[in-house]
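For reference, the structure discussed in these notes is given below.
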Amino acid sequence: MRYVRSALFVFGALALAQLLAPYLPYPFLFPFLASVVASAWFGGIGPGLFAVLLSGVVVDYHFIPPINHFTISLPEVPDLCSFVISAAMAAWLSTDRERLEHRVEERTAELQQTNEALRTTQTELAHAARVMTMGEIVVSIAHEFSQPLLGVLTNAGAGLRWLDAEPANVDEARSAMQRIVRDGNRARDVLAQVRTSMRKAEPKKVQLDVRAAIADVIMVVESEIRRHKVSLRFETARQLPSVLADRVQLQQVVLNLLLNAIDAVRSVEDRPRTLRIHTRHDGGGELVIAIEDSGAGIASHDRERIFDAFFTTKAEGLGMGLSISRSIVEAHGGRLWVTSKADGGSVFQFTLPVTNESLSP
Amino acid sequence: MTEPRGTVFVVDDDASVREAIASLVRSVRLDVRTFESAHDFLASERPDVPACLVLDVRLPGSSGLELQRDLRGRGVTLPIIFLTGYGDVPMTVRAMRAGAIEFLIKPCRDQDLLDAIQDGLGRSRAERLERAELAELRERYESLTPRERQVMAEVVAGLPNKKIAAEFGTSEATIKLQRGQVMQKMRAGSVAELVRLAARLSAGHEPS
């Protein structure tokens with residue numbers, strides 16, 4: 001097909017060249033070069049060289065004296081040669097575009113793969129970081145408290161026994177009490193340190209584009225969503241009212257709710273696995289962000305407990321995600337709650353106070 | 001028997017924990033000795049009394065589990081109560097397999113610790129009693145003449161006097177006399193009791 005096309009180009013060039021013959025000294029030069037370039041451009045190097053060959057033969061026959069003969073007189077050889085060489089070079093240059101395109105395609109595919117891998121890693125990291133930091137914090141705080149607490153309990157037990165003894169040993173009881181005070185102070189120091197380190201992580205509130213912040217989180221969980229064949233819809237007004245929030249913390253809340261929602265729909269087999277994120281602003285002082293899932297829903301007796309620290313319904317859960325999410329939202333002056341949908345599934349919603357009313361649609 | 005009430009050894013690197021447990025143990029009228037490290041404990045002279053060991057799993061230097069292994073290697077049978085900072089299941093399993101009697105997670109209740117200590121001392125006492133009885137039983141057995149030991153073996157095997165006499169080529173009356181000596185020296189009231197004592201003696205020879 002491509003060769004037929006290049007033959008057509010060449011014969012087109014022949015027609016044009018014969019038309020121009022009365023007016024030009026080398027009538028074949030431009031039309032045939034153009035046909036070679038066009039053949040190579042659209043057909044690649046093969047049809048390009050085919051056009052060179054065909055043009056050479058046609059030019060020899062029609063335009064190189066003796067005219068209408070395939071024989072070539074010696075003085076005309078350089079003319080024909082220079083034509084063939086420049087035509088071949090034109091063909092070669094024209095196919096560069098194709099080679100370039102090919103390389104661009106390859107690179108694009110590579111980039112897409114890398115991007116995919118990156119996103120998967122990102123999701124895993126986000127998940128791992130959530131679990132790890134939480135677990136580490138809990139373990140290290142628990143450990144720091146366990147020593148002084150063991151001291152307090154043991155000394156208290158000892159003190160009571162010294163007092164209950166016959167006769168009561170007040171001196172021993174007193175020193176047990178003193179040790180209780182000392183260990184209690186030690187625990188208080190630990191608590192003060194925990195508070196100090198928490199204060200370092202206080203929210204840095206900025207005027208935030210909620211839509212963009214949520215879109216970033218969706219990007220992070222995209223591969224997770226695809227892996228579990230979940231369909232996610234993000235419905236929001238193009239222009240949301242501006243809110244004052246800590247970007248990282250807000251994204252942590254959304255990430256948390258999204259990962260939970262994915263967990264909720266993962267095991268669903270008998271209906272579509274759908275997630276829907278939507279925002280609502282009734283013109284009041286609050287922006288509502290809701291995440292709906294088509295999962296099994298939450299048993300009514302668990303509905304409030306899921307926000308308690310260390311409560312979890314998952315085999316591998318720490319029970320900290322929703323508790324932390326709620327405290328983040330409340331630190332922003334909002335609320336986080338859950339309702340059940342009539343057709344199964346849950347809706348987690350949280351509010352953020354709107355700071356700039358003029359931006360509202 | 002006037003056994004002392006017992007000594008509790010405490011090995012923990014945290015001074016305040018050592019002090020607290022020491023006071024608690026003394027408040028129930030038990031002796032206590034505290035050590036900062038496994039090394040200090042191994043280097044110490046231990047009194048020959050009923051005892052148990054309260055041991056922190058996480059110790060600087062050699063860990064609590066290593067100390068447990070060292071003690072077993074030295075043939076020291078000391079009931080061990082482990083204290084751990086967190087519920088490390090594999091560690092618990094290893095320690096229990098190696099003969100720990102209790103594994104308490106810090107912070108534990110004072111009463112739970114005391115119960116474990118009493119249990120440990122009880123085991124230590126029972127073991128000492130067992131050992132003392134066995135030693136006495138051996139002494140009794142050592143006091144038998146070679147012939148009396150042979151007769152005892154035949155009696156325990158269930159042979160009547162007549163058969164034993166035939167086997168040793170003596171009269172039944174002689175065997176009866178020797179048998180009486182065996183029962184008296186071994187302080188056995190009946191053949192059944194003699195059989196039981198013999199069983200305990202042979203069990204005591206095997207490494208436990």
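Residues are named by chain letter and number: chains run A, B, ... in the order of the structure tokens, numbers start at 1 in each chain, and ligands are numbered from 1 in the order shown.
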
Do you have, as a tab-separated table, the list of residues of chain B lying at most 9 Å from chain A, each with its nearest atom pair and that distance in Å to one decimal, counting only C-alpha atoms and ordered by chain then number?
```
residue	atom	partner	partner_atom	distance
B:Asp14	CA	A:Gln147	CA	8.1
B:Ser16	CA	A:Gly151	CA	6.4
B:Val17	CA	A:Gly151	CA	5.4
B:Arg18	CA	A:Gly151	CA	8.7
B:Glu19	CA	A:Gly151	CA	8.4
B:Ala20	CA	A:Asn155	CA	5.1
B:Ile21	CA	A:Thr154	CA	6.3
B:Ala22	CA	A:Ala158	CA	8.9
B:Ser23	CA	A:Ala158	CA	5.9
B:Leu24	CA	A:Ala158	CA	4.1
B:Val25	CA	A:Ala158	CA	7.6
B:Arg26	CA	A:Ala158	CA	8.2
B:Ser27	CA	A:Trp162	CA	5.5
B:Val28	CA	A:Arg161	CA	7.2
B:Gly85	CA	A:His143	CA	6.2
B:Tyr86	CA	A:His143	CA	7.3
B:Lys106	CA	A:Ser146	CA	5.8
B:Pro107	CA	A:Leu150	CA	4.2
B:Cys108	CA	A:Leu150	CA	6.4
B:Arg109	CA	A:Leu153	CA	6.7
B:Asp110	CA	A:Thr154	CA	5.1
B:Gln111	CA	A:Gly157	CA	7.7
B:Leu113	CA	A:Thr154	CA	8.9
```

Legend entry - Long-range neighbours of Phe9 of chain B as a VMD selection string, 7 Å cut-off, only C-alpha atoms, 3 positions minimum in chain: chain B and resid 32 to 34 52 to 54

Store the residues picked out above, limited to C-alpha atoms, as a compact mmCIF listing (two decimals), in the first residue's frame.
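The resulting file, part.txt, is reproduced below:
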```
# COMPACT_ATOMS: atom_id res chain seq x y z
CA VAL B 32 14.80 -10.18 98.95
CA ARG B 33 18.05 -9.55 97.14
CA THR B 34 18.27 -7.26 94.13
CA CYS B 52 12.69 -17.76 93.07
CA LEU B 53 13.88 -15.21 90.54
CA VAL B 54 12.01 -12.14 89.26
```

Inset, instruction - Enumerate, as a ChimeraX atom specification, the complete set of residues in segment 40-199 of chain B that a backbone-based DSSP assignment places in strand (DSSP E or B). - result: /B:51-56,80-84,102-105

Those selected residues, please, written with C-alpha atoms and delivered as a PDB file, in the first residue's frame.
```pdb
ATOM      1  CA  ALA B  51      14.039 -19.141  96.295  1.00  0.00           C
ATOM      2  CA  CYS B  52      12.686 -17.763  93.069  1.00  0.00           C
ATOM      3  CA  LEU B  53      13.876 -15.211  90.545  1.00  0.00           C
ATOM      4  CA  VAL B  54      12.006 -12.140  89.260  1.00  0.00           C
ATOM      5  CA  LEU B  55      13.715 -11.304  85.988  1.00  0.00           C
ATOM      6  CA  ASP B  56      13.358  -8.436  83.513  1.00  0.00           C
ATOM      7  CA  ILE B  80      11.735 -17.809  87.136  1.00  0.00           C
ATOM      8  CA  ILE B  81       9.068 -15.093  86.862  1.00  0.00           C
ATOM      9  CA  PHE B  82       9.647 -12.916  83.819  1.00  0.00           C
ATOM     10  CA  LEU B  83       8.734  -9.252  83.618  1.00  0.00           C
ATOM     11  CA  THR B  84       8.416  -7.774  80.163  1.00  0.00           C
ATOM     12  CA  GLU B 102       5.112 -16.923  84.863  1.00  0.00           C
ATOM     13  CA  PHE B 103       5.345 -14.098  82.368  1.00  0.00           C
ATOM     14  CA  LEU B 104       4.016 -10.769  83.620  1.00  0.00           C
ATOM     15  CA  ILE B 105       3.582  -7.713  81.437  1.00  0.00           C
TER      16      ILE B 105
END
```

Inset, instruction - Name the residues in contact with segment 71-78 of chain A at a cut-off of 9 Å, using only C-alpha atoms, excluding same-chain residues fewer than 5 positions from it; report them as JSON, numbers by chain. - result: {"A": [60, 61, 64, 65, 66, 83]}

Legend entry - Interatomic distance, atom CA of Tyr3 of chain A to atom CA of Pro47 of chain A (Å, one decimal):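 About the pair atom CA of Tyr3 of chain A and atom CA of Pro47 of chain A: they are 5.2 Å apart.
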
Inset, instruction - Would you list the contacts of segment 321-338 of chain A as a VMD selection string, taking every protein, DNA or RNA residue within 8 Å and counting only C-alpha atoms, but skipping same-chain residues closer than 2 positions in sequence? - result: chain A and resid 245 249 to 250 252 to 253 256 to 257 303 306 to 309 318 to 319 340 346 to 353

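Counting from atom CA of Val265 of chain A, the distance to atom CA of Phe310 of chain A is 22.2 Å.
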
Inset, instruction - Determine, counting only C-alpha atoms, which protein, DNA and RNA residues have an atom within 10 Å of an atom of Glu154 of chain B; residues of the same chain fewer than 6 positions away are not included. Present the result as a PyMOL selection string. - result: chain B and resi 148+160-161+163-164+167+179

Go ahead and save the residues from that selection, with all heavy atoms, as a PDB file, in the first residue's frame.
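Here's the written file again_37.pdb:
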```pdb
ATOM      1  N   GLU B 148      20.817 -57.945 101.252  1.00  0.00           N
ATOM      2  CA  GLU B 148      19.506 -57.329 101.503  1.00  0.00           C
ATOM      3  C   GLU B 148      18.999 -56.596 100.245  1.00  0.00           C
ATOM      4  O   GLU B 148      17.818 -56.611  99.928  1.00  0.00           O
ATOM      5  CB  GLU B 148      19.580 -56.352 102.680  1.00  0.00           C
ATOM      6  CG  GLU B 148      19.585 -57.054 104.035  1.00  0.00           C
ATOM      7  CD  GLU B 148      20.022 -56.148 105.168  1.00  0.00           C
ATOM      8  OE1 GLU B 148      20.398 -54.985 104.902  1.00  0.00           O
ATOM      9  OE2 GLU B 148      19.986 -56.602 106.313  1.00  0.00           O
ATOM     10  N   PRO B 160       7.550 -64.680  95.778  1.00  0.00           N
ATOM     11  CA  PRO B 160       7.307 -65.110  97.155  1.00  0.00           C
ATOM     12  C   PRO B 160       8.612 -65.602  97.807  1.00  0.00           C
ATOM     13  O   PRO B 160       9.564 -65.937  97.109  1.00  0.00           O
ATOM     14  CB  PRO B 160       6.312 -66.255  96.994  1.00  0.00           C
ATOM     15  CG  PRO B 160       6.504 -66.740  95.598  1.00  0.00           C
ATOM     16  CD  PRO B 160       7.007 -65.594  94.785  1.00  0.00           C
ATOM     17  N   ASN B 161       8.631 -65.616  99.164  1.00  0.00           N
ATOM     18  CA  ASN B 161       9.831 -65.982  99.914  1.00  0.00           C
ATOM     19  C   ASN B 161      10.402 -67.322  99.472  1.00  0.00           C
ATOM     20  O   ASN B 161      11.610 -67.484  99.355  1.00  0.00           O
ATOM     21  CB  ASN B 161       9.505 -66.063 101.410  1.00  0.00           C
ATOM     22  CG  ASN B 161       9.192 -64.665 101.948  1.00  0.00           C
ATOM     23  OD1 ASN B 161       9.484 -63.674 101.262  1.00  0.00           O
ATOM     24  ND2 ASN B 161       8.620 -64.608 103.132  1.00  0.00           N
ATOM     25  N   LYS B 163      10.359 -68.926  96.663  1.00  0.00           N
ATOM     26  CA  LYS B 163      11.086 -68.841  95.387  1.00  0.00           C
ATOM     27  C   LYS B 163      12.435 -68.155  95.570  1.00  0.00           C
ATOM     28  O   LYS B 163      13.443 -68.565  94.995  1.00  0.00           O
ATOM     29  CB  LYS B 163      10.263 -68.074  94.344  1.00  0.00           C
ATOM     30  CG  LYS B 163       9.203 -68.919  93.678  1.00  0.00           C
ATOM     31  CD  LYS B 163       9.225 -68.693  92.178  1.00  0.00           C
ATOM     32  CE  LYS B 163       8.271 -69.672  91.474  1.00  0.00           C
ATOM     33  NZ  LYS B 163       7.225 -68.974  90.713  1.00  0.00           N
ATOM     34  N   ILE B 164      12.413 -67.034  96.354  1.00  0.00           N
ATOM     35  CA  ILE B 164      13.662 -66.300  96.573  1.00  0.00           C
ATOM     36  C   ILE B 164      14.665 -67.220  97.269  1.00  0.00           C
ATOM     37  O   ILE B 164      15.846 -67.270  96.899  1.00  0.00           O
ATOM     38  CB  ILE B 164      13.418 -65.032  97.431  1.00  0.00           C
ATOM     39  CG1 ILE B 164      12.384 -64.117  96.741  1.00  0.00           C
ATOM     40  CG2 ILE B 164      14.707 -64.259  97.643  1.00  0.00           C
ATOM     41  CD1 ILE B 164      11.942 -62.937  97.587  1.00  0.00           C
ATOM     42  N   GLU B 167      16.132 -69.611  94.928  1.00  0.00           N
ATOM     43  CA  GLU B 167      17.075 -68.958  94.006  1.00  0.00           C
ATOM     44  C   GLU B 167      18.437 -68.745  94.669  1.00  0.00           C
ATOM     45  O   GLU B 167      19.480 -68.943  94.054  1.00  0.00           O
ATOM     46  CB  GLU B 167      16.485 -67.616  93.557  1.00  0.00           C
ATOM     47  CG  GLU B 167      16.991 -67.173  92.179  1.00  0.00           C
ATOM     48  CD  GLU B 167      16.234 -65.961  91.693  1.00  0.00           C
ATOM     49  OE1 GLU B 167      15.010 -66.074  91.436  1.00  0.00           O
ATOM     50  OE2 GLU B 167      16.865 -64.905  91.616  1.00  0.00           O
ATOM     51  N   ARG B 179      14.217 -60.129 104.701  1.00  0.00           N
ATOM     52  CA  ARG B 179      13.125 -59.312 104.198  1.00  0.00           C
ATOM     53  C   ARG B 179      12.633 -58.345 105.276  1.00  0.00           C
ATOM     54  O   ARG B 179      12.365 -57.164 105.006  1.00  0.00           O
ATOM     55  CB  ARG B 179      11.994 -60.234 103.761  1.00  0.00           C
ATOM     56  CG  ARG B 179      10.866 -59.531 103.123  1.00  0.00           C
ATOM     57  CD  ARG B 179       9.779 -60.523 102.817  1.00  0.00           C
ATOM     58  NE  ARG B 179       8.619 -59.844 102.313  1.00  0.00           N
ATOM     59  CZ  ARG B 179       7.851 -60.298 101.337  1.00  0.00           C
ATOM     60  NH1 ARG B 179       8.124 -61.462 100.775  1.00  0.00           N
ATOM     61  NH2 ARG B 179       6.813 -59.615 100.936  1.00  0.00           N
TER      62      ARG B 179
END
```

Inset, instruction - State, in Å with one decimal place, the distance from atom CA of Ala187 of chain A to atom CA of Phe311 of chain A. - result: 25.0 Å

Legend entry - Selection near Ser190 of chain B, 12 Å with only C-alpha atoms, sequence-local residues under 6 positions removed, as a list in words: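 Using only C-alpha atoms, the neighbours found are Val155, Val156, Arg179, Gly180, Val182, Met183, Gln184, Arg196 and Leu197 of chain B.
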
Legend entry - Neighbour list for segment 224-228 of chain A as a PyMOL selection string, cut-off 10 Å, only C-alpha atoms, skip fewer than 6 positions in-chain: chain A and resi 119-120+123-124+218+258-259+262-263+265-267+273-275

Selection file, C-alpha atoms, as a PDB file, in the first residue's frame:
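Contents of out.pdb, as written:
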```pdb
ATOM      1  CA  ARG A 119       1.938   5.434  42.525  1.00  0.00           C
ATOM      2  CA  THR A 120       1.709   1.911  43.854  1.00  0.00           C
ATOM      3  CA  THR A 123       0.037   4.190  48.273  1.00  0.00           C
ATOM      4  CA  GLU A 124       1.908   1.498  50.092  1.00  0.00           C
ATOM      5  CA  ILE A 218      -7.066  10.427  44.794  1.00  0.00           C
ATOM      6  CA  LEU A 258     -10.555   6.717  51.322  1.00  0.00           C
ATOM      7  CA  LEU A 259      -8.424   3.747  52.358  1.00  0.00           C
ATOM      8  CA  ILE A 262     -11.630   0.884  49.737  1.00  0.00           C
ATOM      9  CA  ASP A 263     -11.325  -1.685  52.524  1.00  0.00           C
ATOM     10  CA  VAL A 265     -15.890  -2.294  49.293  1.00  0.00           C
ATOM     11  CA  ARG A 266     -13.060  -4.752  48.620  1.00  0.00           C
ATOM     12  CA  SER A 267     -15.048  -7.778  49.655  1.00  0.00           C
ATOM     13  CA  ARG A 273     -17.802  -1.444  44.149  1.00  0.00           C
ATOM     14  CA  THR A 274     -18.317   2.276  44.096  1.00  0.00           C
ATOM     15  CA  LEU A 275     -16.891   5.193  46.006  1.00  0.00           C
TER      16      LEU A 275
END
```

Inset, instruction - Please run DSSP on the backbone and report, as JSON, numbers by chain, all residues within chain B that come out as helix (DSSP H, G or I). - result: {"B": [15, 16, 17, 18, 19, 20, 21, 22, 23, 24, 25, 26, 27, 38, 39, 40, 41, 42, 43, 64, 65, 66, 67, 68, 69, 70, 71, 72, 73, 89, 90, 91, 92, 93, 94, 95, 96, 97, 110, 111, 112, 113, 114, 115, 116, 117, 118, 119, 120, 121, 122, 123, 124, 125, 126, 127, 128, 129, 130, 131, 132, 133, 134, 135, 136, 137, 138, 139, 140, 141, 142, 146, 147, 148, 149, 150, 151, 152, 153, 154, 155, 156, 161, 162, 163, 164, 165, 166, 167, 168, 172, 173, 174, 175, 176, 177, 178, 179, 180, 181, 182, 183, 184, 185, 191, 192, 193, 194, 195, 196, 197, 198, 199, 200, 201, 202, 203, 204, 205]}
